[in-house]
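Q: Input file: input-v3.txt. Contents: compact mmCIF, N, CA and C atoms.
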# COMPACT_ATOMS: atom_id res chain seq x y z
N MET O 42 77.95 114.18 111.68
CA MET O 42 79.07 113.73 112.49
C MET O 42 79.90 112.67 111.77
N PHE O 43 79.23 111.90 110.91
CA PHE O 43 79.95 110.87 110.19
C PHE O 43 80.98 111.49 109.25
N SER O 44 80.61 112.58 108.58
CA SER O 44 81.54 113.20 107.64
C SER O 44 82.74 113.81 108.37
N LEU O 45 82.53 114.29 109.58
CA LEU O 45 83.65 114.81 110.37
C LEU O 45 84.62 113.69 110.74
N ALA O 46 84.09 112.52 111.05
CA ALA O 46 84.95 111.38 111.36
C ALA O 46 85.73 110.93 110.13
N VAL O 47 85.11 110.99 108.98
CA VAL O 47 85.80 110.61 107.75
C VAL O 47 86.94 111.60 107.46
N VAL O 48 86.69 112.88 107.64
CA VAL O 48 87.74 113.89 107.42
C VAL O 48 88.89 113.68 108.40
N ALA O 49 88.57 113.39 109.65
CA ALA O 49 89.62 113.15 110.65
C ALA O 49 90.44 111.91 110.31
N MET O 50 89.81 110.88 109.81
CA MET O 50 90.55 109.67 109.43
C MET O 50 91.43 109.92 108.20
N ILE O 51 90.96 110.72 107.27
CA ILE O 51 91.79 111.05 106.10
C ILE O 51 93.01 111.84 106.52
N ILE O 52 92.83 112.79 107.43
CA ILE O 52 93.96 113.57 107.93
C ILE O 52 94.96 112.67 108.65
N LEU O 53 94.47 111.79 109.50
CA LEU O 53 95.38 110.87 110.21
C LEU O 53 96.07 109.93 109.24
N PHE O 54 95.33 109.41 108.26
CA PHE O 54 95.92 108.48 107.31
C PHE O 54 97.06 109.13 106.52
N PHE O 55 96.79 110.30 105.96
CA PHE O 55 97.83 110.96 105.18
C PHE O 55 98.95 111.49 106.06
N GLY O 56 98.62 111.94 107.25
CA GLY O 56 99.65 112.46 108.14
C GLY O 56 100.63 111.40 108.60
N ILE O 57 100.13 110.20 108.83
CA ILE O 57 100.98 109.15 109.38
C ILE O 57 101.55 108.25 108.29
N LEU O 58 100.73 107.86 107.32
CA LEU O 58 101.18 106.88 106.33
C LEU O 58 101.56 107.46 104.98
N GLY O 59 101.31 108.74 104.75
CA GLY O 59 101.62 109.32 103.44
C GLY O 59 103.10 109.31 103.12
N GLY O 60 103.93 109.61 104.09
CA GLY O 60 105.37 109.58 103.87
C GLY O 60 105.89 108.17 103.60
N LEU O 61 105.31 107.19 104.32
CA LEU O 61 105.72 105.80 104.10
C LEU O 61 105.31 105.31 102.71
N ILE O 62 104.14 105.72 102.25
CA ILE O 62 103.71 105.37 100.90
C ILE O 62 104.63 106.02 99.86
N ALA O 63 105.03 107.26 100.11
CA ALA O 63 105.95 107.94 99.19
C ALA O 63 107.30 107.23 99.14
N ILE O 64 107.78 106.78 100.30
CA ILE O 64 109.05 106.04 100.32
C ILE O 64 108.92 104.73 99.55
N ALA O 65 107.79 104.05 99.71
CA ALA O 65 107.57 102.80 98.98
C ALA O 65 107.49 103.05 97.47
N LEU O 66 106.89 104.16 97.06
CA LEU O 66 106.83 104.47 95.63
C LEU O 66 108.20 104.82 95.06
N LEU O 67 109.10 105.30 95.89
CA LEU O 67 110.45 105.60 95.42
C LEU O 67 111.23 104.33 95.06
N LYS O 68 110.84 103.20 95.63
CA LYS O 68 111.55 101.95 95.38
C LYS O 68 111.23 101.36 94.00
N ILE O 69 110.14 101.82 93.38
CA ILE O 69 109.73 101.28 92.08
C ILE O 69 110.68 101.79 91.00
N THR O 70 111.18 100.86 90.19
CA THR O 70 112.07 101.26 89.09
C THR O 70 111.25 101.37 87.81
N ILE O 71 111.32 102.53 87.17
CA ILE O 71 110.60 102.80 85.94
C ILE O 71 111.61 103.33 84.93
N LYS O 72 111.57 102.78 83.72
CA LYS O 72 112.58 103.14 82.74
C LYS O 72 112.21 104.32 81.87
N GLY O 73 110.95 104.57 81.65
CA GLY O 73 110.54 105.67 80.78
C GLY O 73 110.71 107.01 81.48
N PRO O 74 111.31 108.00 80.79
CA PRO O 74 111.57 109.28 81.45
C PRO O 74 110.30 110.08 81.75
N ILE O 75 109.30 110.00 80.87
CA ILE O 75 108.08 110.77 81.11
C ILE O 75 107.28 110.16 82.25
N LEU O 76 107.19 108.83 82.27
CA LEU O 76 106.48 108.16 83.36
C LEU O 76 107.21 108.36 84.69
N ARG O 77 108.55 108.34 84.63
CA ARG O 77 109.33 108.55 85.85
C ARG O 77 109.11 109.97 86.39
N MET O 78 109.05 110.94 85.50
CA MET O 78 108.82 112.33 85.91
C MET O 78 107.43 112.48 86.54
N SER O 79 106.43 111.84 85.96
CA SER O 79 105.08 111.94 86.53
C SER O 79 105.00 111.24 87.88
N ILE O 80 105.68 110.12 88.04
CA ILE O 80 105.71 109.44 89.34
C ILE O 80 106.44 110.31 90.36
N ASN O 81 107.52 110.96 89.97
CA ASN O 81 108.24 111.85 90.88
C ASN O 81 107.38 113.03 91.31
N ILE O 82 106.60 113.58 90.40
CA ILE O 82 105.70 114.68 90.76
C ILE O 82 104.64 114.19 91.74
N PHE O 83 104.09 112.99 91.49
CA PHE O 83 103.10 112.43 92.40
C PHE O 83 103.70 112.17 93.78
N ILE O 84 104.92 111.65 93.83
CA ILE O 84 105.59 111.40 95.11
C ILE O 84 105.84 112.71 95.85
N PHE O 85 106.26 113.73 95.12
CA PHE O 85 106.50 115.04 95.73
C PHE O 85 105.22 115.60 96.33
N LEU O 86 104.13 115.55 95.58
CA LEU O 86 102.85 116.08 96.09
C LEU O 86 102.34 115.26 97.27
N LEU O 87 102.49 113.94 97.21
CA LEU O 87 102.05 113.09 98.31
C LEU O 87 102.86 113.37 99.57
N ALA O 88 104.16 113.48 99.44
CA ALA O 88 105.01 113.75 100.61
C ALA O 88 104.76 115.15 101.16
N LEU O 89 104.53 116.11 100.29
CA LEU O 89 104.25 117.47 100.74
C LEU O 89 102.91 117.55 101.47
N PHE O 90 101.89 116.89 100.93
CA PHE O 90 100.58 116.85 101.59
C PHE O 90 100.67 116.11 102.92
N SER O 91 101.44 115.02 102.95
CA SER O 91 101.64 114.28 104.19
C SER O 91 102.36 115.13 105.23
N LEU O 92 103.33 115.90 104.79
CA LEU O 92 104.05 116.79 105.70
C LEU O 92 103.12 117.84 106.29
N LEU O 93 102.25 118.39 105.47
CA LEU O 93 101.28 119.38 105.93
C LEU O 93 100.30 118.77 106.94
N MET O 94 99.78 117.60 106.64
CA MET O 94 98.82 116.95 107.54
C MET O 94 99.50 116.53 108.85
N ALA O 95 100.71 116.01 108.77
CA ALA O 95 101.41 115.61 109.99
C ALA O 95 101.74 116.82 110.85
N PHE O 96 102.10 117.92 110.22
CA PHE O 96 102.39 119.14 110.97
C PHE O 96 101.13 119.66 111.65
N SER O 97 99.98 119.55 110.98
CA SER O 97 98.73 119.98 111.62
C SER O 97 98.36 119.07 112.78
N ILE O 98 98.73 117.79 112.71
CA ILE O 98 98.48 116.88 113.84
C ILE O 98 99.36 117.26 115.01
N VAL O 99 100.62 117.59 114.74
CA VAL O 99 101.56 117.90 115.83
C VAL O 99 101.16 119.19 116.56
N ILE O 100 100.71 120.20 115.84
CA ILE O 100 100.42 121.47 116.51
C ILE O 100 99.01 121.53 117.09
N SER O 101 98.16 120.52 116.81
CA SER O 101 96.81 120.54 117.36
C SER O 101 96.83 120.09 118.82
N SER O 102 95.73 120.31 119.51
CA SER O 102 95.66 119.94 120.93
C SER O 102 95.04 118.55 121.07
N VAL O 103 95.86 117.54 120.86
CA VAL O 103 95.44 116.14 120.99
C VAL O 103 96.37 115.45 121.97
N ALA O 104 96.15 114.18 122.19
CA ALA O 104 96.97 113.41 123.12
C ALA O 104 98.41 113.32 122.61
N ILE O 105 99.31 113.09 123.54
CA ILE O 105 100.74 113.06 123.21
C ILE O 105 101.08 111.91 122.28
N ALA O 106 100.37 110.79 122.39
CA ALA O 106 100.65 109.65 121.51
C ALA O 106 100.33 110.00 120.06
N ILE O 107 99.25 110.73 119.83
CA ILE O 107 98.89 111.14 118.48
C ILE O 107 99.91 112.15 117.96
N ARG O 108 100.39 113.03 118.83
CA ARG O 108 101.43 113.98 118.42
C ARG O 108 102.72 113.26 118.03
N LEU O 109 103.06 112.21 118.75
CA LEU O 109 104.25 111.44 118.41
C LEU O 109 104.08 110.74 117.07
N LEU O 110 102.88 110.23 116.79
CA LEU O 110 102.63 109.66 115.47
C LEU O 110 102.74 110.71 114.38
N GLY O 111 102.28 111.92 114.67
CA GLY O 111 102.44 113.01 113.72
C GLY O 111 103.90 113.37 113.49
N ALA O 112 104.69 113.33 114.56
CA ALA O 112 106.13 113.61 114.42
C ALA O 112 106.80 112.52 113.58
N ALA O 113 106.38 111.28 113.74
CA ALA O 113 106.91 110.20 112.90
C ALA O 113 106.50 110.41 111.45
N GLY O 114 105.29 110.91 111.24
CA GLY O 114 104.84 111.23 109.88
C GLY O 114 105.66 112.34 109.26
N ILE O 115 106.01 113.35 110.06
CA ILE O 115 106.87 114.43 109.56
C ILE O 115 108.23 113.87 109.16
N GLY O 116 108.77 113.00 110.00
CA GLY O 116 110.08 112.41 109.70
C GLY O 116 110.06 111.58 108.43
N SER O 117 109.03 110.77 108.26
CA SER O 117 108.98 109.93 107.06
C SER O 117 108.74 110.76 105.80
N ALA O 118 107.94 111.82 105.89
CA ALA O 118 107.72 112.67 104.73
C ALA O 118 108.98 113.44 104.35
N LEU O 119 109.69 113.94 105.36
CA LEU O 119 110.95 114.63 105.07
C LEU O 119 111.98 113.68 104.47
N TYR O 120 112.02 112.45 104.98
CA TYR O 120 112.94 111.46 104.43
C TYR O 120 112.61 111.15 102.97
N ALA O 121 111.31 111.04 102.66
CA ALA O 121 110.91 110.78 101.28
C ALA O 121 111.30 111.94 100.37
N LEU O 122 111.10 113.17 100.85
CA LEU O 122 111.48 114.34 100.03
C LEU O 122 112.99 114.41 99.83
N LEU O 123 113.75 114.17 100.89
CA LEU O 123 115.20 114.20 100.77
C LEU O 123 115.70 113.10 99.83
N LYS O 124 115.12 111.91 99.95
CA LYS O 124 115.54 110.82 99.09
C LYS O 124 115.15 111.08 97.64
N LEU O 125 114.00 111.72 97.43
CA LEU O 125 113.57 112.06 96.07
C LEU O 125 114.55 113.03 95.43
N PHE O 126 114.90 114.10 96.12
CA PHE O 126 115.79 115.10 95.53
C PHE O 126 117.24 114.64 95.50
N LYS O 127 117.68 113.86 96.46
CA LYS O 127 119.04 113.34 96.43
C LYS O 127 119.19 112.32 95.30
N GLY O 128 118.14 111.53 95.08
CA GLY O 128 118.16 110.56 93.98
C GLY O 128 118.20 111.25 92.64
N GLU O 129 117.52 112.38 92.52
CA GLU O 129 117.55 113.14 91.26
C GLU O 129 118.95 113.68 90.98
N GLN O 130 119.66 114.11 92.01
CA GLN O 130 121.01 114.61 91.79
C GLN O 130 121.95 113.49 91.39
N ASN O 131 121.76 112.30 91.97
CA ASN O 131 122.62 111.18 91.61
C ASN O 131 122.35 110.69 90.19
N ARG O 132 121.12 110.81 89.72
CA ARG O 132 120.79 110.37 88.37
C ARG O 132 121.34 111.32 87.30
N ARG O 133 121.53 112.58 87.67
CA ARG O 133 122.05 113.55 86.70
C ARG O 133 123.53 113.38 86.44
N ARG O 134 124.26 112.78 87.34
CA ARG O 134 125.71 112.62 87.19
C ARG O 134 126.07 111.55 86.23
Represent the structure of the file as structure tokens.
A:
Amino acid sequence: MFSLAVVAMIILFFGILGGLIAIALLKITIKGPILRMSINIFIFLLALFSLLMAFSIVISSVAIAIRLLGAAGIGSALYALLKLFKGEQNRRR
């Protein structure tokens, strides 16, 4: 039962806070192109995983408050993804 609780906490953590962590990582300024590319890949994977976990929270049969937290996680992950790709377009110009 302990391992099930750990898995549930990991899902909640990434579903709710993964997008916010990705947004915080976008604020870091890095000058090297290879390091910047690797950080962008990590941010993309983190936001994508957070989006998946938050979506699984929203569609599961849990309390409405947890579903609202999952919806906030979806919003923050989508914002991080949009900011990541919009920032890439602005850097190319």
Q: Provide the atom CA of Phe96 of chain O to atom N of Leu53 of chain O distance in Å, to one decimal place.
A: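 Between atom CA of Phe96 of chain O and atom N of Leu53 of chain O the gap is 10.9 Å.
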Q: Excluding segment 102-118 of chain O and its own-chain neighbours fewer than 5 positions away, which residues fall within 8 Å of it when counting all atoms listed in the file? Please give them as a PyMOL selection string.
A: chain O and resi 55-64+87-89+91-97+123-124
Q: Which residue, O:Ile84, O:Ile51, O:Met42, O:Ile100, has the smallest gap to Leu122 of chain O when you use all atoms listed in the file?
A: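 The shortest atom-to-atom distance to Leu122 of chain O comes from O:Ile84.
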Q: Tell me, in Å to one decimal, how far atom N of Ile75 of chain O is from atom C of Gly128 of chain O.
A: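 Rounded to one decimal, the two atoms are 14.8 Å apart.
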Q: By how many Å are atom N of Phe85 of chain O and atom N of Val99 of chain O apart?
A: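 So the two atoms, atom N of Phe85 of chain O and atom N of Val99 of chain O, lie 20.8 Å apart.
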Q: Pick from O:Arg77, O:Ser101, O:Phe126, O:Phe90: nearest to Phe54 of chain O, with only C-alpha atoms counted?
A: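 Among the listed residues, O:Phe90 lies closest to Phe54 of chain O.
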